[in-house]
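One file, work.cif, carrying mmCIF, C-alpha atoms:
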```
data_query
#
loop_
_atom_site.group_PDB
_atom_site.id
_atom_site.type_symbol
_atom_site.label_atom_id
_atom_site.label_comp_id
_atom_site.auth_asym_id
_atom_site.auth_seq_id
_atom_site.Cartn_x
_atom_site.Cartn_y
_atom_site.Cartn_z
ATOM 1 C CA MET N 785 0.000 0.000 0.000
ATOM 2 C CA ILE N 786 1.169 3.509 -0.820
ATOM 3 C CA ASN N 787 1.521 5.798 2.178
ATOM 4 C CA PHE N 788 0.298 9.365 2.169
ATOM 5 C CA THR N 789 0.413 12.155 4.674
ATOM 6 C CA SER N 790 -2.264 14.796 4.880
ATOM 7 C CA HIS N 791 -2.329 18.288 6.254
ATOM 8 C CA LEU N 792 -4.394 21.427 6.289
ATOM 9 C CA VAL N 793 -2.678 23.978 4.087
ATOM 10 C CA PRO N 794 -1.791 27.106 6.093
ATOM 11 C CA PRO N 795 -2.171 30.553 4.513
ATOM 12 C CA ASP N 796 1.571 30.952 3.922
ATOM 13 C CA GLN N 797 1.656 27.733 1.839
ATOM 14 C CA VAL N 798 -1.355 28.191 -0.453
ATOM 15 C CA ARG N 799 0.945 28.823 -3.428
ATOM 16 C CA MET N 800 2.196 25.240 -3.118
ATOM 17 C CA VAL N 801 -1.201 23.774 -4.077
ATOM 18 C CA PHE N 802 -1.987 26.355 -6.771
ATOM 19 C CA PRO N 803 -0.946 24.070 -9.679
ATOM 20 C CA LEU N 804 -3.339 21.392 -8.395
ATOM 21 C CA VAL N 805 -6.261 23.755 -7.883
ATOM 22 C CA ARG N 806 -5.714 25.230 -11.327
ATOM 23 C CA GLU N 807 -6.440 21.750 -12.726
ATOM 24 C CA ALA N 808 -9.921 22.009 -11.192
ATOM 25 C CA VAL N 809 -10.361 25.698 -12.025
ATOM 26 C CA PRO N 810 -8.778 26.352 -15.437
ATOM 27 C CA GLY N 811 -7.860 29.980 -15.995
ATOM 28 C CA LEU N 812 -7.456 30.698 -12.291
ATOM 29 C CA ASP N 813 -4.638 33.179 -11.734
ATOM 30 C CA LEU N 814 -2.238 33.098 -8.796
ATOM 31 C CA LYS N 815 -3.264 36.481 -7.365
ATOM 32 C CA THR N 816 -6.956 35.508 -7.241
ATOM 33 C CA TRP N 817 -6.113 32.102 -5.755
ATOM 34 C CA VAL N 818 -3.879 33.509 -3.013
ATOM 35 C CA ALA N 819 -6.440 36.141 -1.970
ATOM 36 C CA PHE N 820 -9.216 33.529 -1.821
ATOM 37 C CA ALA N 821 -7.174 30.722 -0.270
ATOM 38 C CA GLN N 822 -5.610 32.791 2.497
ATOM 39 C CA LYS N 823 -9.099 33.635 3.766
ATOM 40 C CA ILE N 824 -10.421 30.077 3.876
ATOM 41 C CA ALA N 825 -7.150 28.519 5.078
ATOM 42 C CA HIS N 826 -6.746 30.606 8.217
ATOM 43 C CA PRO N 827 -6.032 28.247 11.160
ATOM 44 C CA LYS N 828 -8.668 29.949 13.321
ATOM 45 C CA ARG N 829 -11.281 28.979 10.699
ATOM 46 C CA ALA N 830 -10.226 25.315 10.327
ATOM 47 C CA ALA N 831 -13.490 24.116 11.876
ATOM 48 C CA GLU N 832 -15.429 26.110 9.261
ATOM 49 C CA SER N 833 -13.354 26.011 6.067
ATOM 50 C CA GLY N 834 -9.957 25.088 4.717
ATOM 51 C CA ILE N 835 -7.775 23.344 2.189
ATOM 52 C CA LEU N 836 -6.686 19.756 2.735
ATOM 53 C CA ALA N 837 -3.724 18.337 0.807
ATOM 54 C CA VAL N 838 -2.243 14.863 0.603
ATOM 55 C CA THR N 839 1.374 14.124 -0.187
ATOM 56 C CA ARG N 840 2.930 10.808 -1.131
ATOM 57 C CA ALA N 841 5.338 9.643 1.590
ATOM 58 C CA GLY N 842 8.877 10.774 0.859
ATOM 59 C CA ARG N 843 7.797 13.579 -1.471
ATOM 60 C CA SER N 844 7.528 17.285 -0.775
ATOM 61 C CA GLN N 845 4.861 18.368 -3.288
ATOM 62 C CA PRO N 846 1.173 17.548 -2.701
ATOM 63 C CA CYS N 847 -0.467 15.220 -5.219
ATOM 64 C CA GLY N 848 -4.046 15.744 -4.102
ATOM 65 C CA VAL N 849 -6.162 18.531 -2.680
ATOM 66 C CA PHE N 850 -9.720 19.579 -1.917
ATOM 67 C CA LEU N 851 -11.334 22.701 -0.489
ATOM 68 C CA TYR N 852 -13.958 22.335 2.215
ATOM 69 C CA ARG N 853 -16.446 24.269 4.281
ATOM 70 C CA ARG N 854 -18.950 23.329 6.951
ATOM 71 C CA GLU N 855 -22.538 24.467 6.369
ATOM 72 C CA PRO N 856 -25.854 24.134 8.163
ATOM 73 C CA GLN N 857 -28.198 21.830 6.245
ATOM 74 C CA LEU N 858 -31.779 20.768 6.881
ATOM 75 C CA PRO N 859 -32.533 18.223 8.236
ATOM 76 C CA GLU N 860 -29.016 16.876 8.865
ATOM 77 C CA GLY N 861 -27.479 19.759 10.800
ATOM 78 C CA SER N 862 -23.814 20.389 9.963
ATOM 79 C CA VAL N 863 -22.698 19.133 6.563
ATOM 80 C CA LEU N 864 -19.157 19.087 5.200
ATOM 81 C CA VAL N 865 -19.099 20.476 1.647
ATOM 82 C CA ALA N 866 -16.067 19.597 -0.480
ATOM 83 C CA GLU N 867 -15.163 21.047 -3.862
ATOM 84 C CA HIS N 868 -12.290 21.257 -6.300
ATOM 85 C CA PHE N 869 -10.951 17.747 -5.723
ATOM 86 C CA VAL N 870 -7.741 17.099 -7.613
ATOM 87 C CA ALA N 871 -5.731 13.866 -7.587
ATOM 88 C CA ILE N 872 -2.640 13.722 -9.773
ATOM 89 C CA ASP N 873 -0.226 10.873 -10.263
ATOM 90 C CA VAL N 874 1.617 10.066 -13.479
ATOM 91 C CA VAL N 875 1.250 6.307 -13.027
ATOM 92 C CA ASP N 876 -1.976 5.772 -11.058
ATOM 93 C CA PRO N 877 -4.129 8.512 -9.477
ATOM 94 C CA GLN N 878 -6.483 5.970 -7.839
ATOM 95 C CA PRO N 879 -4.475 5.714 -4.568
ATOM 96 C CA VAL N 880 -4.459 9.524 -4.370
ATOM 97 C CA VAL N 881 -8.254 9.580 -4.745
ATOM 98 C CA GLU N 882 -8.544 6.917 -2.043
ATOM 99 C CA ALA N 883 -6.334 8.952 0.309
ATOM 100 C CA LEU N 884 -8.379 12.116 -0.323
ATOM 101 C CA VAL N 885 -11.684 10.308 0.260
ATOM 102 C CA ALA N 886 -10.397 8.762 3.500
ATOM 103 C CA GLU N 887 -9.301 12.216 4.685
ATOM 104 C CA LEU N 888 -12.662 13.694 3.689
ATOM 105 C CA ASP N 889 -14.500 11.125 5.805
ATOM 106 C CA ALA N 890 -12.137 11.598 8.763
ATOM 107 C CA LEU N 891 -12.450 15.396 8.547
ATOM 108 C CA ALA N 892 -16.255 15.196 8.587
ATOM 109 C CA LYS N 893 -16.115 13.076 11.738
ATOM 110 C CA ARG N 894 -13.613 15.426 13.437
ATOM 111 C CA LEU N 895 -15.813 18.427 12.656
ATOM 112 C CA GLY N 896 -18.955 16.703 13.930
ATOM 113 C CA CYS N 897 -20.714 16.751 10.575
ATOM 114 C CA ALA N 898 -23.756 14.530 10.024
ATOM 115 C CA ALA N 899 -23.168 14.190 6.275
ATOM 116 C CA ILE N 900 -20.819 15.055 3.422
ATOM 117 C CA ARG N 901 -21.760 16.797 0.170
ATOM 118 C CA VAL N 902 -19.163 16.639 -2.586
ATOM 119 C CA MET N 903 -19.378 18.705 -5.740
ATOM 120 C CA VAL N 904 -18.106 16.430 -8.511
ATOM 121 C CA PRO N 905 -17.467 17.845 -12.000
ATOM 122 C CA GLY N 906 -19.300 15.990 -14.767
ATOM 123 C CA ASP N 907 -16.095 14.567 -16.238
ATOM 124 C CA ALA N 908 -14.565 13.269 -12.983
ATOM 125 C CA SER N 909 -15.334 9.548 -13.291
ATOM 126 C CA LEU N 910 -12.312 8.453 -11.218
ATOM 127 C CA LEU N 911 -13.335 10.734 -8.363
ATOM 128 C CA ARG N 912 -16.964 9.650 -8.644
ATOM 129 C CA SER N 913 -16.073 5.956 -8.518
ATOM 130 C CA GLY N 914 -13.715 6.514 -5.575
ATOM 131 C CA LEU N 915 -16.411 8.343 -3.623
ATOM 132 C CA GLN N 916 -19.027 5.715 -4.454
ATOM 133 C CA ALA N 917 -16.672 2.944 -3.328
ATOM 134 C CA ALA N 918 -16.522 4.713 0.054
ATOM 135 C CA GLY N 919 -20.320 4.874 0.368
ATOM 136 C CA HIS N 920 -21.104 8.268 -1.167
ATOM 137 C CA ARG N 921 -24.271 8.284 -3.297
ATOM 138 C CA PRO N 922 -25.860 10.773 -5.697
ATOM 139 C CA ARG N 923 -28.486 12.983 -4.077
ATOM 140 C CA GLY N 924 -30.162 15.567 -6.242
ATOM 141 C CA LEU N 925 -28.590 17.609 -8.978
ATOM 142 C CA ALA N 926 -26.632 20.842 -8.764
ATOM 143 C CA LEU N 927 -27.434 23.450 -11.407
ATOM 144 C CA TRP N 928 -25.250 26.456 -12.140
ATOM 145 C CA LYS N 929 -25.979 29.824 -13.677
ATOM 146 C CA PRO N 930 -23.526 32.728 -13.850
ATOM 147 C CA VAL N 931 -25.101 36.011 -12.836
ATOM 148 C CA SER N 932 -24.212 38.861 -15.153
ATOM 149 C CA GLU N 933 -25.158 42.475 -15.582
ATOM 150 C CA GLU N 934 -27.363 41.627 -18.541
ATOM 151 C CA THR N 935 -30.239 39.322 -17.602
ATOM 152 C CA PRO N 936 -32.552 38.061 -20.354
ATOM 153 C CA ARG N 937 -36.219 38.993 -19.926
ATOM 154 C CA PRO N 938 -39.063 36.664 -20.869
ATOM 155 C CA ASP N 939 -39.513 38.610 -24.148
ATOM 156 C CA GLY N 940 -35.907 37.784 -25.113
ATOM 157 C CA ASN N 941 -34.534 41.317 -24.671
ATOM 158 C CA ALA N 942 -31.786 42.038 -22.205
ATOM 159 C CA ALA N 943 -32.562 44.056 -19.100
ATOM 160 C CA SER N 944 -29.829 45.859 -17.232
ATOM 161 C CA ARG N 945 -29.840 44.993 -13.524
ATOM 162 C CA ALA N 946 -27.849 48.119 -12.760
ATOM 163 C CA ALA N 947 -30.647 50.219 -14.217
ATOM 164 C CA GLY N 948 -33.251 48.272 -12.244
ATOM 165 C CA ARG N 949 -35.240 47.267 -15.288
#
```
What does the file become when written as structure tokens?
Amino acid sequence: MINFTSHLVPPDQVRMVFPLVREAVPGLDLKTWVAFAQKIAHPKRAAESGILAVTRAGRSQPCGVFLYRREPQLPEGSVLVAEHFVAIDVVDPQPVVEALVAELDALAKRLGCAAIRVMVPGDASLLRSGLQAAGHRPRGLALWKPVSEETPRPDGNAASRAAGR
């Protein structure tokens, strides 16, 4: 079995996981990442949000990462929400996925969460299968809509939100 270590990424080390996160968020720039990550990775907020990384034993660079936050959820209570999972290994990313999923489950227990909600991109079959092997099941469907200044009206014309129309 391959050994991994895991750790919460402190604010002064968020640059180290930037290449991994950029795999999940193409086009993300370093300045935006650092500003965002330093807020959620603050040690005083670890019970509410953070960044968890896994590193293969004997290596210095992380090979897997996910971002998390704890949210209230009806009827469960506290739910651990995880996003932007990335597992990279040139030979076999499956053990990295398994290490991340094990850490996700352990983190939820440490934080006293009643359930875990993972946002899985549509093309992440390896992540999906790894989560399902650990007992995670689909529940509902997440829909996404960017909010812009120009919102289409029912008649097909654009209405400017700034103008209040």
Separation of atom CA of Met800 of chain N from atom CA of Ala841 of chain N in Å:
16.6 Å
Can you list, as a VMD selection string, every protein, DNA or RNA residue that comes within 9 Å of Gln845 of chain N when you count all atoms listed in the file, leaving out same-chain residues fewer than 3 positions away?
chain N and resid 800 to 801 838 to 840
Selected residue of minimal separation from Arg799 of chain N among N:His826, N:Arg901, N:Lys815, N:Lys893, counting only C-alpha atoms:
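Ranked by minimum distance to Arg799 of chain N, first place goes to N:Lys815.
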Name the residues that the PyMOL selection byres ((chain N and resi 888) around 12) pulls out of this structure, and write them as a PyMOL selection string.
chain N and resi 790-792+834-838+848-854+863-867+869+881-887+889-895+897+899-902+914-915+918+920
Rank N:Pro905, N:Trp817, N:Cys847, N:Pro810 by their smallest atom-to-atom distance to Val798 of chain N, using only C-alpha atoms, and report the top residue only.
N:Trp817
Please write as a ChimeraX atom specification the full residue list that the PyMOL selection byres ((chain N and resi 822) around 8) yields on this file.
/N:794-796,798,818-821,823-826
What does the distance from atom CA of Lys828 of chain N to atom CA of Leu814 of chain N come to in Å, to one decimal?
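Going from atom CA of Lys828 of chain N over to atom CA of Leu814 of chain N covers 23.2 Å.
Atom CA of Leu858 of chain N is positioned 16.5 Å from atom CA of Ala926 of chain N.
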Quick one: axis-aligned box around all listed atoms of segment 809-815 of chain N, 5 Å on every side, centre and edge lengths in Å to one decimal, written as JSON.
```
{"center_x": -6.3, "center_y": 31.1, "center_z": -11.7, "size_x": 18.1, "size_y": 20.8, "size_z": 18.6}
```
Between N:Ala898, N:Ala917, N:Glu832, N:Arg923, single out the one closest to Gly861 of chain N, counting all atoms listed in the file.
N:Ala898
Quick one: everything within 7 Å of Val805 of chain N, counting all atoms listed in the file, minus sequence neighbours fewer than 4 positions away in the same chain. Send it as a list in words.
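The filter keeps Val801, Val809, His868 and Val870 of chain N.
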Would you mind telling me which residue in N:Met903, N:Glu807, N:Thr816, N:Ser833 lies nearest to Leu925 of chain N when using all atoms listed in the file?
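For Leu925 of chain N, the nearest of the given residues is N:Met903.
Closest approach to Ala831 of chain N among N:Trp928, N:Val904, N:Val880, N:Ser862 is made by N:Ser862 (distances from only C-alpha atoms).
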